[in-house]
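J.: Just model.txt, nothing more (compact mmCIF, C-alpha atoms and all ligand atoms):
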```
# COMPACT_ATOMS: atom_id res chain seq x y z
CA MET A 391 -7.45 -12.63 29.49
CA ILE A 392 -6.75 -14.66 26.35
CA TYR A 393 -7.87 -12.92 23.16
CA ASP A 394 -9.07 -14.87 20.13
CA CYS A 395 -6.65 -12.85 18.05
CA ILE A 396 -4.05 -10.13 18.54
CA VAL A 397 -3.39 -7.84 15.59
CA ILE A 398 -0.01 -6.10 15.59
CA GLY A 399 0.04 -2.73 13.80
CA ALA A 400 -2.74 -0.19 13.32
CA GLY A 401 -2.23 0.70 9.65
CA PRO A 402 -4.84 -0.11 6.96
CA ALA A 403 -4.04 -3.84 7.16
CA GLY A 404 -4.31 -4.02 10.96
CA GLY A 405 -7.41 -1.83 11.14
CA SER A 406 -9.22 -3.84 8.45
CA THR A 407 -8.27 -7.15 10.04
CA ALA A 408 -9.46 -6.03 13.47
CA TYR A 409 -12.69 -4.60 12.05
CA HIS A 410 -13.63 -7.83 10.30
CA LEU A 411 -12.68 -10.03 13.25
CA ALA A 412 -14.66 -7.87 15.67
CA LYS A 413 -17.61 -7.85 13.27
CA SER A 414 -17.61 -11.65 13.40
CA GLY A 415 -17.87 -11.45 17.18
CA HIS A 416 -14.28 -12.30 18.08
CA LYS A 417 -12.30 -10.89 20.96
CA VAL A 418 -9.56 -8.82 19.34
CA LEU A 419 -6.72 -6.67 20.62
CA ILE A 420 -4.79 -4.28 18.38
CA ILE A 421 -1.28 -3.43 19.56
CA GLU A 422 0.38 -0.36 18.00
CA LYS A 423 3.73 1.10 18.95
CA GLU A 424 2.90 4.72 18.02
CA SER A 425 0.41 7.02 19.67
CA LEU A 426 -2.74 7.17 17.48
CA PRO A 427 -3.52 8.94 15.25
CA ARG A 428 0.00 8.52 13.88
CA TYR A 429 1.63 9.94 10.77
CA LYS A 430 2.53 7.51 7.98
CA PRO A 431 4.57 8.86 5.05
CA CYS A 432 2.31 8.22 2.05
CA GLY A 433 0.86 9.86 -1.06
CA GLY A 434 -2.55 8.86 0.26
CA GLY A 435 -4.01 7.72 -3.08
CA VAL A 436 -6.69 5.13 -2.25
CA ALA A 437 -8.67 2.87 -4.57
CA PRO A 438 -12.41 3.54 -4.05
CA ILE A 439 -13.18 -0.19 -4.47
CA ILE A 440 -12.32 -0.62 -0.78
CA GLN A 441 -15.69 0.94 0.09
CA GLU A 442 -17.31 -2.31 -1.11
CA TRP A 443 -15.39 -4.27 1.53
CA PHE A 444 -16.81 -2.40 4.54
CA ASP A 445 -20.28 -1.56 5.81
CA PHE A 446 -19.35 1.91 7.08
CA ASP A 447 -18.94 5.04 5.00
CA PHE A 448 -15.44 6.33 4.20
CA SER A 449 -16.55 9.82 3.08
CA PRO A 450 -15.52 11.56 6.35
CA VAL A 451 -11.87 10.75 5.59
CA ILE A 452 -11.76 11.40 1.84
CA SER A 453 -9.82 14.63 1.47
CA GLN A 454 -10.09 15.03 -2.33
CA LYS A 455 -11.15 13.07 -5.40
CA VAL A 456 -8.86 12.91 -8.44
CA LYS A 457 -10.27 12.87 -11.96
CA ILE A 458 -7.21 13.85 -13.99
CA PHE A 459 -3.65 12.47 -14.19
CA ARG A 460 -1.00 14.93 -15.38
CA TYR A 461 2.41 13.56 -16.32
CA THR A 462 5.64 15.41 -17.07
CA TRP A 463 9.06 14.38 -18.32
CA GLN A 464 11.81 16.44 -16.66
CA GLY A 465 9.21 19.09 -15.92
CA ASN A 466 8.23 19.41 -19.60
CA ASN A 467 6.26 17.63 -22.31
CA PRO A 468 3.08 17.50 -20.18
CA ILE A 469 0.36 14.93 -20.77
CA GLU A 470 -3.03 15.48 -19.15
CA ILE A 471 -5.54 12.66 -19.21
CA GLU A 472 -9.10 12.74 -17.91
CA LEU A 473 -9.81 9.45 -16.19
CA LYS A 474 -12.83 7.43 -17.18
CA LEU A 475 -13.57 5.79 -13.85
CA LYS A 476 -16.75 4.71 -12.10
CA GLU A 477 -15.55 6.56 -8.99
CA PRO A 478 -12.60 8.99 -8.95
CA LEU A 479 -9.41 8.09 -7.07
CA TRP A 480 -9.55 9.08 -3.41
CA MET A 481 -6.92 11.17 -1.70
CA VAL A 482 -6.66 10.73 2.06
CA ARG A 483 -4.54 11.93 4.97
CA ARG A 484 -3.18 8.73 6.44
CA ASN A 485 -3.36 9.79 10.09
CA ASP A 486 -7.13 10.39 9.67
CA PHE A 487 -7.80 7.44 7.37
CA ASP A 488 -5.96 4.76 9.37
CA PHE A 489 -7.34 5.92 12.72
CA TYR A 490 -10.86 6.07 11.30
CA ILE A 491 -10.76 2.35 10.48
CA ILE A 492 -9.43 1.59 13.97
CA LYS A 493 -12.27 3.61 15.53
CA GLN A 494 -14.84 1.60 13.54
CA ALA A 495 -13.24 -1.61 14.82
CA GLN A 496 -13.36 -0.26 18.39
CA LYS A 497 -17.08 0.48 17.97
CA LEU A 498 -17.54 -3.25 17.34
CA GLY A 499 -15.61 -4.19 20.47
CA ALA A 500 -11.99 -4.40 19.33
CA GLU A 501 -9.58 -3.20 22.00
CA LEU A 502 -6.61 -0.96 21.28
CA LYS A 503 -3.29 -0.58 23.04
CA ASP A 504 -1.31 2.16 21.31
CA LYS A 505 2.08 3.49 22.48
CA THR A 506 2.88 -0.21 22.99
CA GLU A 507 5.73 -1.78 21.05
CA VAL A 508 5.87 -5.54 20.54
CA ILE A 509 9.38 -6.76 21.31
CA GLY A 510 9.01 -10.53 21.41
CA VAL A 511 6.67 -13.41 20.81
CA GLU A 512 6.51 -17.00 21.97
CA PHE A 513 3.98 -19.83 21.48
CA LYS A 514 3.51 -21.44 24.90
CA GLY A 515 0.96 -24.09 25.84
CA ASN A 516 -1.83 -23.39 23.44
CA CYS A 517 -1.44 -19.66 22.90
CA TRP A 518 0.82 -16.80 21.90
CA GLU A 519 2.53 -14.75 24.53
CA ILE A 520 3.20 -11.37 23.04
CA LYS A 521 5.80 -9.37 24.91
CA THR A 522 5.53 -5.61 24.89
CA LYS A 523 7.49 -2.98 26.78
CA SER A 524 4.59 -2.77 29.25
CA GLY A 525 3.81 -6.48 29.80
CA VAL A 526 2.57 -9.65 28.13
CA GLU A 527 -0.66 -10.17 26.14
CA LYS A 528 -2.06 -13.58 25.23
CA ALA A 529 -4.03 -14.81 22.22
CA HIS A 530 -4.89 -18.01 20.38
CA TYR A 531 -4.06 -16.43 17.00
CA LEU A 532 -1.85 -13.58 15.84
CA ILE A 533 -1.88 -11.45 12.70
CA ALA A 534 1.25 -9.40 12.00
CA CYS A 535 0.39 -6.16 10.21
CA ASP A 536 3.46 -4.22 11.28
CA GLY A 537 4.36 -2.82 7.86
CA ALA A 538 7.69 -2.41 6.08
CA LYS A 539 9.71 -1.61 9.20
CA GLY A 540 8.15 -4.00 11.70
CA PRO A 541 10.05 -6.91 13.31
CA MET A 542 7.23 -9.47 13.34
CA SER A 543 8.12 -11.59 10.32
CA SER A 544 11.59 -12.30 11.72
CA LEU A 545 10.27 -12.70 15.30
CA LEU A 546 7.85 -15.32 13.98
CA GLY A 547 10.71 -17.18 12.28
CA PHE A 548 9.92 -16.37 8.64
CA LYS A 549 13.01 -16.55 6.45
CA GLN A 550 14.20 -13.36 4.76
CA LYS A 551 11.38 -11.38 3.18
CA LYS A 552 10.90 -12.05 -0.52
CA CYS A 553 10.55 -8.43 -1.57
CA ASN A 554 12.16 -5.69 -3.55
CA PHE A 555 13.12 -2.89 -1.22
CA GLY A 556 12.05 0.49 -2.51
CA GLY A 557 12.07 3.76 -0.66
CA ALA A 558 10.37 7.12 -0.64
CA ILE A 559 10.54 10.59 0.83
CA GLU A 560 7.32 12.45 1.37
CA ALA A 561 6.39 15.90 2.64
CA GLU A 562 3.05 17.52 3.35
CA SER A 563 2.82 21.01 1.91
CA SER A 564 0.25 23.64 2.85
CA GLU A 565 0.49 25.07 -0.68
CA ARG A 566 -2.96 24.53 -2.18
CA PRO A 567 -2.95 23.05 -5.68
CA THR A 568 -4.42 25.23 -8.43
CA ASN A 569 -6.68 22.37 -9.52
CA SER A 570 -7.56 19.96 -6.73
CA SER A 571 -8.77 17.20 -9.01
CA ILE A 572 -5.37 16.66 -10.67
CA ALA A 573 -2.72 14.19 -9.49
CA HIS A 574 0.74 15.06 -10.86
CA PHE A 575 3.41 12.49 -11.77
CA GLU A 576 6.96 13.17 -13.01
CA PHE A 577 8.99 10.39 -14.64
CA GLY A 578 12.18 11.91 -16.11
CA MET A 579 13.88 13.37 -13.04
CA VAL A 580 14.47 10.18 -11.05
CA LYS A 581 15.83 6.80 -12.11
CA ASN A 582 13.68 3.73 -11.33
CA GLY A 583 10.84 5.67 -9.79
CA TYR A 584 8.69 8.76 -10.00
CA LEU A 585 7.79 11.96 -8.22
CA TRP A 586 4.27 12.94 -7.31
CA ASN A 587 2.20 15.86 -6.12
CA PHE A 588 -1.22 14.74 -4.87
CA PRO A 589 -3.93 17.24 -3.87
CA LYS A 590 -5.38 17.36 -0.35
CA VAL A 591 -8.14 19.64 0.88
CA ASP A 592 -5.64 21.80 2.80
CA GLY A 593 -2.53 21.45 0.64
CA SER A 594 -0.77 18.56 -1.01
CA SER A 595 1.46 15.52 -0.54
CA ILE A 596 4.64 15.84 -2.55
CA GLY A 597 7.30 13.19 -2.76
CA ILE A 598 9.72 10.93 -4.55
CA GLY A 599 9.77 7.15 -4.63
CA ILE A 600 11.97 4.48 -6.15
CA VAL A 601 10.77 0.97 -6.79
CA ARG A 602 14.04 -0.62 -7.93
CA ASN A 603 17.59 -0.37 -6.62
CA SER A 604 18.78 3.16 -7.31
CA PHE A 605 19.66 4.43 -3.89
CA HIS A 606 22.75 6.30 -5.12
CA GLN A 607 20.56 9.23 -6.25
CA ASN A 608 20.12 12.32 -4.08
CA LEU A 609 16.37 11.94 -3.64
CA ARG A 610 15.98 15.02 -1.43
CA SER A 611 17.66 17.32 -3.91
CA ILE A 612 15.61 15.91 -6.84
CA ALA A 613 12.39 16.36 -4.83
CA SER A 614 13.46 19.87 -3.97
CA GLU A 615 13.94 20.72 -7.69
CA TYR A 616 10.56 19.18 -8.55
CA SER A 617 8.79 21.11 -5.78
CA LYS A 618 9.83 24.41 -7.34
CA ILE A 619 7.38 23.72 -10.20
CA PHE A 620 4.58 24.07 -7.62
CA ASN A 621 6.16 26.98 -5.71
CA ILE A 622 6.83 24.64 -2.80
CA ASP A 623 10.01 25.12 -0.80
CA PHE A 624 10.74 21.43 -0.13
CA LYS A 625 13.61 22.22 2.24
CA SER A 626 11.31 24.13 4.57
CA THR A 627 8.77 21.27 4.76
CA LYS A 628 8.99 18.43 7.26
CA GLN A 629 10.17 15.41 5.28
CA TYR A 630 9.68 11.75 6.08
CA GLY A 631 11.64 8.86 4.60
CA HIS A 632 10.23 5.34 4.61
CA PRO A 633 11.15 1.97 3.03
CA ILE A 634 8.65 0.13 0.82
CA CYS A 635 8.43 -3.69 0.65
CA LEU A 636 7.40 -4.30 -2.95
CA TRP A 637 6.11 -7.70 -4.06
CA ASN A 638 8.82 -9.88 -5.58
CA GLY A 639 7.39 -13.36 -5.70
CA ASN A 640 4.98 -15.48 -3.69
CA GLN A 641 5.97 -16.55 -0.19
CA ILE A 642 4.45 -18.54 2.65
CA LEU A 643 2.44 -16.23 4.89
CA HIS A 644 1.51 -18.57 7.77
CA THR A 645 3.66 -20.00 10.54
CA LYS A 646 4.39 -23.73 10.77
CA ASN A 647 2.11 -24.09 13.82
CA GLU A 648 -0.72 -22.48 11.75
CA ARG A 649 -1.48 -19.92 14.46
CA ALA A 650 -0.04 -16.73 12.93
CA LEU A 651 -0.31 -14.88 9.63
CA LEU A 652 1.44 -12.00 7.91
CA ALA A 653 -0.76 -9.36 6.24
CA GLY A 654 -0.32 -5.98 4.55
CA GLU A 655 3.15 -4.68 3.81
CA ALA A 656 4.58 -7.16 6.32
CA ALA A 657 3.50 -9.71 3.68
CA CYS A 658 5.12 -7.62 0.89
CA VAL A 659 1.87 -7.12 -1.03
CA VAL A 660 2.82 -3.71 -2.46
CA ASP A 661 2.48 -3.24 -6.23
CA PRO A 662 6.01 -3.26 -7.75
CA LEU A 663 4.98 -0.93 -10.59
CA THR A 664 2.99 1.82 -8.85
CA ALA A 665 3.92 1.24 -5.16
CA GLU A 666 0.20 1.06 -4.36
CA GLY A 667 0.02 -0.62 -0.96
CA ILE A 668 -3.17 0.51 0.78
CA ARG A 669 -5.72 -1.54 -1.17
CA PRO A 670 -3.68 -4.79 -1.23
CA SER A 671 -2.90 -4.33 2.49
CA ILE A 672 -6.59 -3.95 3.29
CA PHE A 673 -7.48 -6.90 1.08
CA SER A 674 -4.91 -9.18 2.72
CA GLY A 675 -6.05 -8.01 6.17
CA ILE A 676 -9.64 -8.94 5.37
CA LYS A 677 -8.59 -12.34 4.01
CA ALA A 678 -6.44 -12.94 7.12
CA ALA A 679 -9.44 -12.14 9.35
CA GLU A 680 -11.58 -14.54 7.27
CA ALA A 681 -8.96 -17.29 7.72
CA ILE A 682 -8.86 -16.83 11.51
CA CYS A 683 -12.68 -16.87 11.72
CA ASN A 684 -12.76 -20.11 9.72
CA ALA A 685 -10.00 -21.66 11.83
CA ILE A 686 -11.86 -20.78 15.05
CA SER A 687 -14.96 -22.42 13.58
CA GLY A 688 -13.00 -25.65 13.17
CA ASP A 689 -11.73 -25.49 9.59
CA ASN A 690 -8.25 -26.95 9.94
CA THR A 691 -7.19 -25.95 6.42
CA ALA A 692 -8.11 -22.27 6.84
CA ILE A 693 -4.72 -20.92 7.85
CA LYS A 694 -2.78 -22.62 5.05
CA HIS A 695 -5.55 -21.62 2.66
CA TYR A 696 -4.84 -17.92 3.42
CA THR A 697 -1.39 -18.20 1.81
CA LYS A 698 -3.01 -19.75 -1.28
CA VAL A 699 -5.67 -17.04 -1.48
CA ILE A 700 -3.06 -14.28 -1.40
CA HIS A 701 -0.98 -16.04 -4.06
CA ASN A 702 -4.04 -16.44 -6.31
CA GLU A 703 -5.67 -13.07 -5.69
CA ILE A 704 -2.62 -10.81 -5.35
CA GLY A 705 0.46 -12.77 -6.49
CA SER A 706 -0.84 -13.48 -9.97
CA ASP A 707 -1.48 -9.77 -10.61
CA MET A 708 1.76 -8.68 -9.00
CA GLN A 709 3.73 -10.90 -11.37
CA VAL A 710 2.29 -8.93 -14.31
CA ALA A 711 3.00 -5.65 -12.46
CA ASN A 712 6.59 -6.77 -11.88
CA ASN A 713 7.10 -7.43 -15.60
CA LEU A 714 5.58 -4.06 -16.52
CA SER A 715 7.69 -2.39 -13.84
CA ARG A 716 10.90 -3.81 -15.33
CA MET A 717 9.88 -2.51 -18.74
CA LEU A 718 8.79 0.96 -17.58
CA TYR A 719 11.84 1.63 -15.46
CA MET A 720 14.27 0.15 -17.98
CA PHE A 721 12.93 2.26 -20.85
CA PRO A 722 11.19 5.17 -19.11
CA GLU A 723 11.49 7.71 -21.93
CA ILE A 724 10.14 5.33 -24.55
CA CYS A 725 7.28 4.39 -22.24
CA TYR A 726 6.59 8.03 -21.55
CA ASN A 727 6.38 8.97 -25.21
CA LYS A 728 4.82 5.81 -26.61
CA VAL A 729 2.56 4.48 -23.88
CA LEU A 730 1.64 7.12 -21.31
CA LYS A 731 0.51 9.45 -24.08
CA ILE A 732 -2.15 6.95 -25.09
CA SER A 733 -5.16 7.86 -22.97
CA SER A 734 -6.52 4.29 -23.06
CA ALA A 735 -3.25 3.01 -21.54
CA THR A 736 -3.45 5.53 -18.69
CA ASN A 737 -7.10 4.68 -18.18
CA ILE A 738 -6.24 0.98 -17.91
CA MET A 739 -3.62 1.80 -15.26
CA ALA A 740 -6.05 4.09 -13.40
CA LYS A 741 -8.69 1.35 -13.47
CA ILE A 742 -6.16 -1.11 -12.06
CA PHE A 743 -5.10 1.35 -9.33
CA CYS A 744 -8.75 2.02 -8.47
CA GLY A 745 -9.58 -1.66 -8.33
CA GLU A 746 -11.97 -1.59 -11.32
CA MET A 747 -9.72 -3.89 -13.33
CA ARG A 748 -7.02 -6.47 -12.62
CA TYR A 749 -3.59 -6.75 -14.21
CA SER A 750 -4.52 -10.23 -15.32
CA GLU A 751 -7.26 -8.69 -17.48
CA ILE A 752 -4.76 -6.79 -19.61
CA LYS A 753 -4.99 -8.86 -22.70
CA LYS A 754 -1.96 -11.08 -23.24
CA GLU A 755 -1.84 -9.84 -26.81
CA THR A 756 -1.51 -6.18 -25.76
CA PHE A 757 1.32 -7.22 -23.48
CA LYS A 758 3.06 -9.06 -26.33
CA ILE A 759 2.70 -6.07 -28.68
CA LEU A 760 4.11 -3.72 -26.06
CA THR A 761 7.03 -6.04 -25.33
CA LYS A 762 7.81 -6.26 -29.08
CA MET A 763 7.56 -2.50 -29.45
CA PHE A 764 9.94 -1.87 -26.56
CA THR A 765 12.55 -4.41 -27.58
CA LYS A 766 12.55 -3.09 -31.17
CA THR A 767 12.90 0.57 -30.14
CA ALA A 768 15.51 -0.09 -27.44
C1 LIG B 1 6.17 7.75 0.84
C2 LIG B 1 5.21 6.66 0.50
C3 LIG B 1 4.10 6.94 -0.31
C4 LIG B 1 3.12 5.96 -0.55
N1 LIG B 1 2.01 6.30 -1.28
C5 LIG B 1 1.02 5.39 -1.44
C6 LIG B 1 -0.20 5.76 -2.09
O1 LIG B 1 -0.39 6.91 -2.51
N2 LIG B 1 -1.17 4.81 -2.22
C7 LIG B 1 -1.00 3.53 -1.76
O2 LIG B 1 -1.91 2.70 -1.93
N3 LIG B 1 0.13 3.17 -1.11
C8 LIG B 1 1.13 4.06 -0.92
N4 LIG B 1 2.25 3.70 -0.22
C9 LIG B 1 2.33 2.36 0.38
C10 LIG B 1 1.46 2.32 1.67
O3 LIG B 1 1.71 3.45 2.46
C11 LIG B 1 1.77 1.06 2.49
O4 LIG B 1 1.87 -0.06 1.66
C12 LIG B 1 0.69 0.81 3.56
O5 LIG B 1 0.77 1.79 4.55
C13 LIG B 1 0.86 -0.57 4.21
O6 LIG B 1 -0.13 -0.70 5.20
P1 LIG B 1 0.11 -1.66 6.45
O7 LIG B 1 -1.10 -1.55 7.29
O8 LIG B 1 0.56 -2.99 6.00
O9 LIG B 1 1.39 -1.03 7.22
P2 LIG B 1 1.59 0.41 7.87
O10 LIG B 1 0.62 1.38 7.35
O11 LIG B 1 3.04 0.71 7.71
O12 LIG B 1 1.27 0.16 9.41
C14 LIG B 1 2.10 -0.66 10.19
C15 LIG B 1 1.90 -0.27 11.65
O13 LIG B 1 2.61 -1.19 12.48
C16 LIG B 1 3.19 -0.47 13.57
N5 LIG B 1 4.30 -1.26 14.12
C17 LIG B 1 5.50 -1.52 13.55
N6 LIG B 1 6.27 -2.25 14.38
C18 LIG B 1 5.53 -2.46 15.50
C19 LIG B 1 5.80 -3.13 16.72
N7 LIG B 1 6.96 -3.75 16.96
N8 LIG B 1 4.83 -3.16 17.66
C20 LIG B 1 3.62 -2.55 17.45
N9 LIG B 1 3.33 -1.87 16.30
C21 LIG B 1 4.27 -1.83 15.34
C22 LIG B 1 3.65 0.83 12.92
O14 LIG B 1 3.85 1.85 13.87
C23 LIG B 1 2.50 1.12 11.96
O15 LIG B 1 1.52 1.95 12.51
C24 LIG B 1 3.28 4.65 0.00
C25 LIG B 1 4.40 4.35 0.78
C26 LIG B 1 5.35 5.34 1.03
C27 LIG B 1 6.53 5.02 1.91
```
How would this structure read if it were set down as structure tokens?
T.:
Amino acid sequence: MIYDCIVIGAGPAGGSTAYHLAKSGHKVLIIEKESLPRYKPCGGGVAPIIQEWFDFDFSPVISQKVKIFRYTWQGNNPIEIELKLKEPLWMVRRNDFDFYIIKQAQKLGAELKDKTEVIGVEFKGNCWEIKTKSGVEKAHYLIACDGAKGPMSSLLGFKQKKCNFGGAIEAESSERPTNSSIAHFEFGMVKNGYLWNFPKVDGSSIGIGIVRNSFHQNLRSIASEYSKIFNIDFKSTKQYGHPICLWNGNQILHTKNERALLAGEAACVVDPLTAEGIRPSIFSGIKAAEAICNAISGDNTAIKHYTKVIHNEIGSDMQVANNLSRMLYMFPEICYNKVLKISSATNIMAKIFCGEMRYSEIKKETFKILTKMFTKTA
């Protein structure tokens, strides 16, 4: 059996890719090393715009909807802002959410091999031979969606990833939040990152993440202190650490032979300011599927075009996010007191996170004023 396309990784990028390929009538195999449904350390905040990219309903896997952001600085000086969004921010449990997309793809004919780790890949004759611990699978095209820890980009011969390595520790708590429509963020307790407590129907996701080099901090002990605010005993929860590949410049996302693509976090599409990765991973997965469909139909520019699309649609926004990220994490206290307190600023960020607005729409002038303000005050 030679598949049209093999998708490696069953996260949001892999699931979305497989769904869209199967929907176009292609023979797809998803290979995933874990047993599904699998746990993925994540806050689980998802931009509702993704609903527009699928023809099935996501409501069965939306755990909560967030309408209010509440910030603190070292546990004090709270700011609570009601979000003015078309659709509130979704909160999901990743094991349910990711597997749900895979199941929709399976309904359309995509095949799944979980508990199957890819360990090698070779282009032989006119197709890929993908080596797993249980045998070899063949396909004309390959899409690597194996996330921040996967080996595919180096197996496919891509040079070192152009990304900023961040990291996070997350724990699921069964402590129910007092108000389930509030997402909590804390900015003063950790350098170059933030802590969060996101509501879920049966508890919450609490964690700490850093988006710039600051690995000398004791993240577990900071998260433990933060958890006390919510009467959560962090030490007694099961904690999961995970790296994050944050965008740090455009890079080529197709192989020289134009038969394989990188998508999702394997393509480093994660927002360097907020660490939002689900929506850009899904978006890149859908665009990768589109490119393969076009290539199969005879468009010999389709594969190269994918790299361009990601640069134009994601890279241009991520450059703005990277600049803002530098500013926020260099002057966090000033940003906290001067920017986050302004409800319109928070609403702009919420709109960006929810996919209602793009970074490139933040008026250049606003950006200039902010830059001036920060450099003067610093
Ligand atoms: C703690 C934390 C909190 C976060 N919170 C948020 C948030 O609230 N909102 C948000 O938008 N983003 C968040 N992110 C980022 C988001 O989780 C990721 O960007 C997103 O999961 C990337 O999706 P993906 O499909 O590319 O990769 P993944 O979801 O990582 O999936 C990759 C899959 O590939 C599989 N795989 C790896 N290697 C192999 C192999 N050799 N063979 C077969 N399969 C393999 C893995 O098992 C995995 O299932 C967070 C990240 C972290 C670490």
J.: Rank nothing, just name the residue among A:Tyr719, A:Phe487, A:Tyr409, A:Trp637 nearest to A:Trp443, using only C-alpha atoms.
T.: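 The answer is A:Tyr409, which sits nearest to A:Trp443.
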J.: At a cut-off of 7 Å around the point (4.3, 10.4, -15.4) (file coordinates), what residues fall inside when counting only C-alpha atoms? I'd like the answer as a VMD selection string.
T.: chain A and resid 460 to 463 575 to 577 726
J.: Please, what distance in Å, to one decimal, runs between atom CA of A:Pro402 and atom CA of A:Ile491?
T.: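 It comes out at 7.3 Å.
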J.: Give the answer as one residue: which of A:Lys694, A:Arg484, A:His644, A:Lys417 has the shortest atom-to-atom distance to ligand LIG 1 (chain B), using all atoms listed in the file?
T.: A:Arg484
J.: Determine the nearest neighbour of ligand LIG 1 (chain B) from the options A:Arg602, A:His530, A:Lys423, A:Lys625, counting all atoms listed in the file.
T.: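 Answer, going by the shortest atom-to-atom distance: A:Lys423.
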J.: When the cut-off is 6 Å and you count all atoms listed in the file, which residues lie near ligand LIG 1 (chain B), shown as a count of residues only?
T.: 42
J.: Tell me which protein, DNA and RNA residues are within 8 Å of stretch 550-556 of chain A, counting only C-alpha atoms, leaving out same-chain ones fewer than 5 positions away, and put them as a CSV table (one decimal) with C-alpha atoms, in the frame of the given file.
T.:
```csv
chain,number,residue,atom,x,y,z
A,543,SER,CA,8.1,-11.6,10.3
A,544,SER,CA,11.6,-12.3,11.7
A,599,GLY,CA,9.8,7.2,-4.6
A,600,ILE,CA,12.0,4.5,-6.2
A,601,VAL,CA,10.8,1.0,-6.8
A,602,ARG,CA,14.0,-0.6,-7.9
A,603,ASN,CA,17.6,-0.4,-6.6
A,633,PRO,CA,11.2,2.0,3.0
A,634,ILE,CA,8.6,0.1,0.8
A,635,CYS,CA,8.4,-3.7,0.6
A,636,LEU,CA,7.4,-4.3,-3.0
A,637,TRP,CA,6.1,-7.7,-4.1
A,638,ASN,CA,8.8,-9.9,-5.6
A,639,GLY,CA,7.4,-13.4,-5.7
A,640,ASN,CA,5.0,-15.5,-3.7
A,641,GLN,CA,6.0,-16.6,-0.2
A,658,CYS,CA,5.1,-7.6,0.9
A,662,PRO,CA,6.0,-3.3,-7.8
```
J.: What does the distance between atom CA of A:Leu426 and atom CA of A:Gly745 come to in Å, to one decimal place?
T.: 28.1 Å
J.: For atom CA of A:Glu512 and atom CA of A:Lys430, quote the distance in Å rounded to one decimal.
T.: 28.5 Å
J.: Between A:Leu546, A:Cys395, A:Gly705, A:Lys497, which one has atoms that come closest to A:Leu652, using only C-alpha atoms?
T.: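 Of A:Leu546, A:Cys395, A:Gly705, A:Lys497, the one nearest A:Leu652, counting only C-alpha atoms, is A:Leu546.
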J.: My list of candidates is A:Met739, A:Pro722, A:Asn712, A:Gly578. Which is closest to A:Asn467 when distances are computed with only C-alpha atoms?
T.: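 The closest residue to A:Asn467 is A:Gly578.
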J.: Find the residues around A:Lys457 up to 8 Å (all atoms listed in the file counted), leave out those fewer than 2 positions away in its own chain, and share them as a list of chain:residue names.
T.: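 Using all atoms listed in the file, the neighbours found are A:Lys455, A:Phe459, A:Glu472, A:Leu473, A:Lys474, A:Pro478, A:Leu479, A:Ser571, A:Ile572.
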J.: Residues at most 10 Å from A:Ala529, counting only C-alpha atoms, excluding those fewer than 2 positions away in the same chain, as a PyMOL selection string?
T.: chain A and resi 391-397+417-419+513+516-520+527+531-532+649
J.: Fewer than 4 positions away in the same chain doesn't count, so skip those; otherwise give me all residues within 12 Å of A:Met747, counting only C-alpha atoms, as a list in words.
T.: Ala437, Ile439, Leu475, Lys476, Asp707, Asn737, Ile738, Met739, Ala740, Lys741, Ile742, Phe743, Glu751, Ile752 and Lys753 of chain A
J.: Could you give me the centre and size, in Å to one decimal, of an axis-aligned box around all listed atoms of stretch 633-642 of chain A with 3 Å added on every side, as JSON?
T.:
```
{"center_x": 7.8, "center_y": -8.3, "center_z": -1.3, "size_x": 12.7, "size_y": 26.5, "size_z": 14.7}
```
J.: Give the answer as one residue: which of A:Asp661, A:Glu565, A:Asp592, A:Asp504 has the shortest atom-to-atom distance to A:Asn713, using all atoms listed in the file?
T.: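 Using all atoms listed in the file, A:Asn713 sits closest to A:Asp661.
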J.: Find the spatial neighbours of A:Ile704, counting all atoms listed in the file, within a cut-off of 9 Å - ignore same-chain residues fewer than 5 positions away - and output them as a list of chain:residue names.
T.: A:Val659, A:Pro670, A:Phe673, A:Ser674, A:Val699, A:Gln709
J.: Using all atoms listed in the file, find all polymer residues with an atom at most 8 Å away from the point (-10.9, -7.1, 15.0); report them as a list in words.
T.: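 Collected hits near the coordinates: Cys395, Val397, Gly405, Ser406, Thr407, Ala408, Tyr409, His410, Leu411, Ala412, Lys413, His416, Lys417, Val418, Leu419, Ile420, Ala495, Gly499, Ala500 and Ala679 of chain A.
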J.: Take the residues just selected and output them with C-alpha atoms as a PDB file, keeping the file's coordinate frame.
T.:
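part.pdb written:
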```pdb
ATOM      1  CA  CYS A 395      -6.650 -12.850  18.050  1.00  0.00           C
ATOM      2  CA  VAL A 397      -3.390  -7.840  15.590  1.00  0.00           C
ATOM      3  CA  GLY A 405      -7.410  -1.830  11.140  1.00  0.00           C
ATOM      4  CA  SER A 406      -9.220  -3.840   8.450  1.00  0.00           C
ATOM      5  CA  THR A 407      -8.270  -7.150  10.040  1.00  0.00           C
ATOM      6  CA  ALA A 408      -9.460  -6.030  13.470  1.00  0.00           C
ATOM      7  CA  TYR A 409     -12.690  -4.600  12.050  1.00  0.00           C
ATOM      8  CA  HIS A 410     -13.630  -7.830  10.300  1.00  0.00           C
ATOM      9  CA  LEU A 411     -12.680 -10.030  13.250  1.00  0.00           C
ATOM     10  CA  ALA A 412     -14.660  -7.870  15.670  1.00  0.00           C
ATOM     11  CA  LYS A 413     -17.610  -7.850  13.270  1.00  0.00           C
ATOM     12  CA  HIS A 416     -14.280 -12.300  18.080  1.00  0.00           C
ATOM     13  CA  LYS A 417     -12.300 -10.890  20.960  1.00  0.00           C
ATOM     14  CA  VAL A 418      -9.560  -8.820  19.340  1.00  0.00           C
ATOM     15  CA  LEU A 419      -6.720  -6.670  20.620  1.00  0.00           C
ATOM     16  CA  ILE A 420      -4.790  -4.280  18.380  1.00  0.00           C
ATOM     17  CA  ALA A 495     -13.240  -1.610  14.820  1.00  0.00           C
ATOM     18  CA  GLY A 499     -15.610  -4.190  20.470  1.00  0.00           C
ATOM     19  CA  ALA A 500     -11.990  -4.400  19.330  1.00  0.00           C
ATOM     20  CA  ALA A 679      -9.440 -12.140   9.350  1.00  0.00           C
TER      21      ALA A 679
END
```
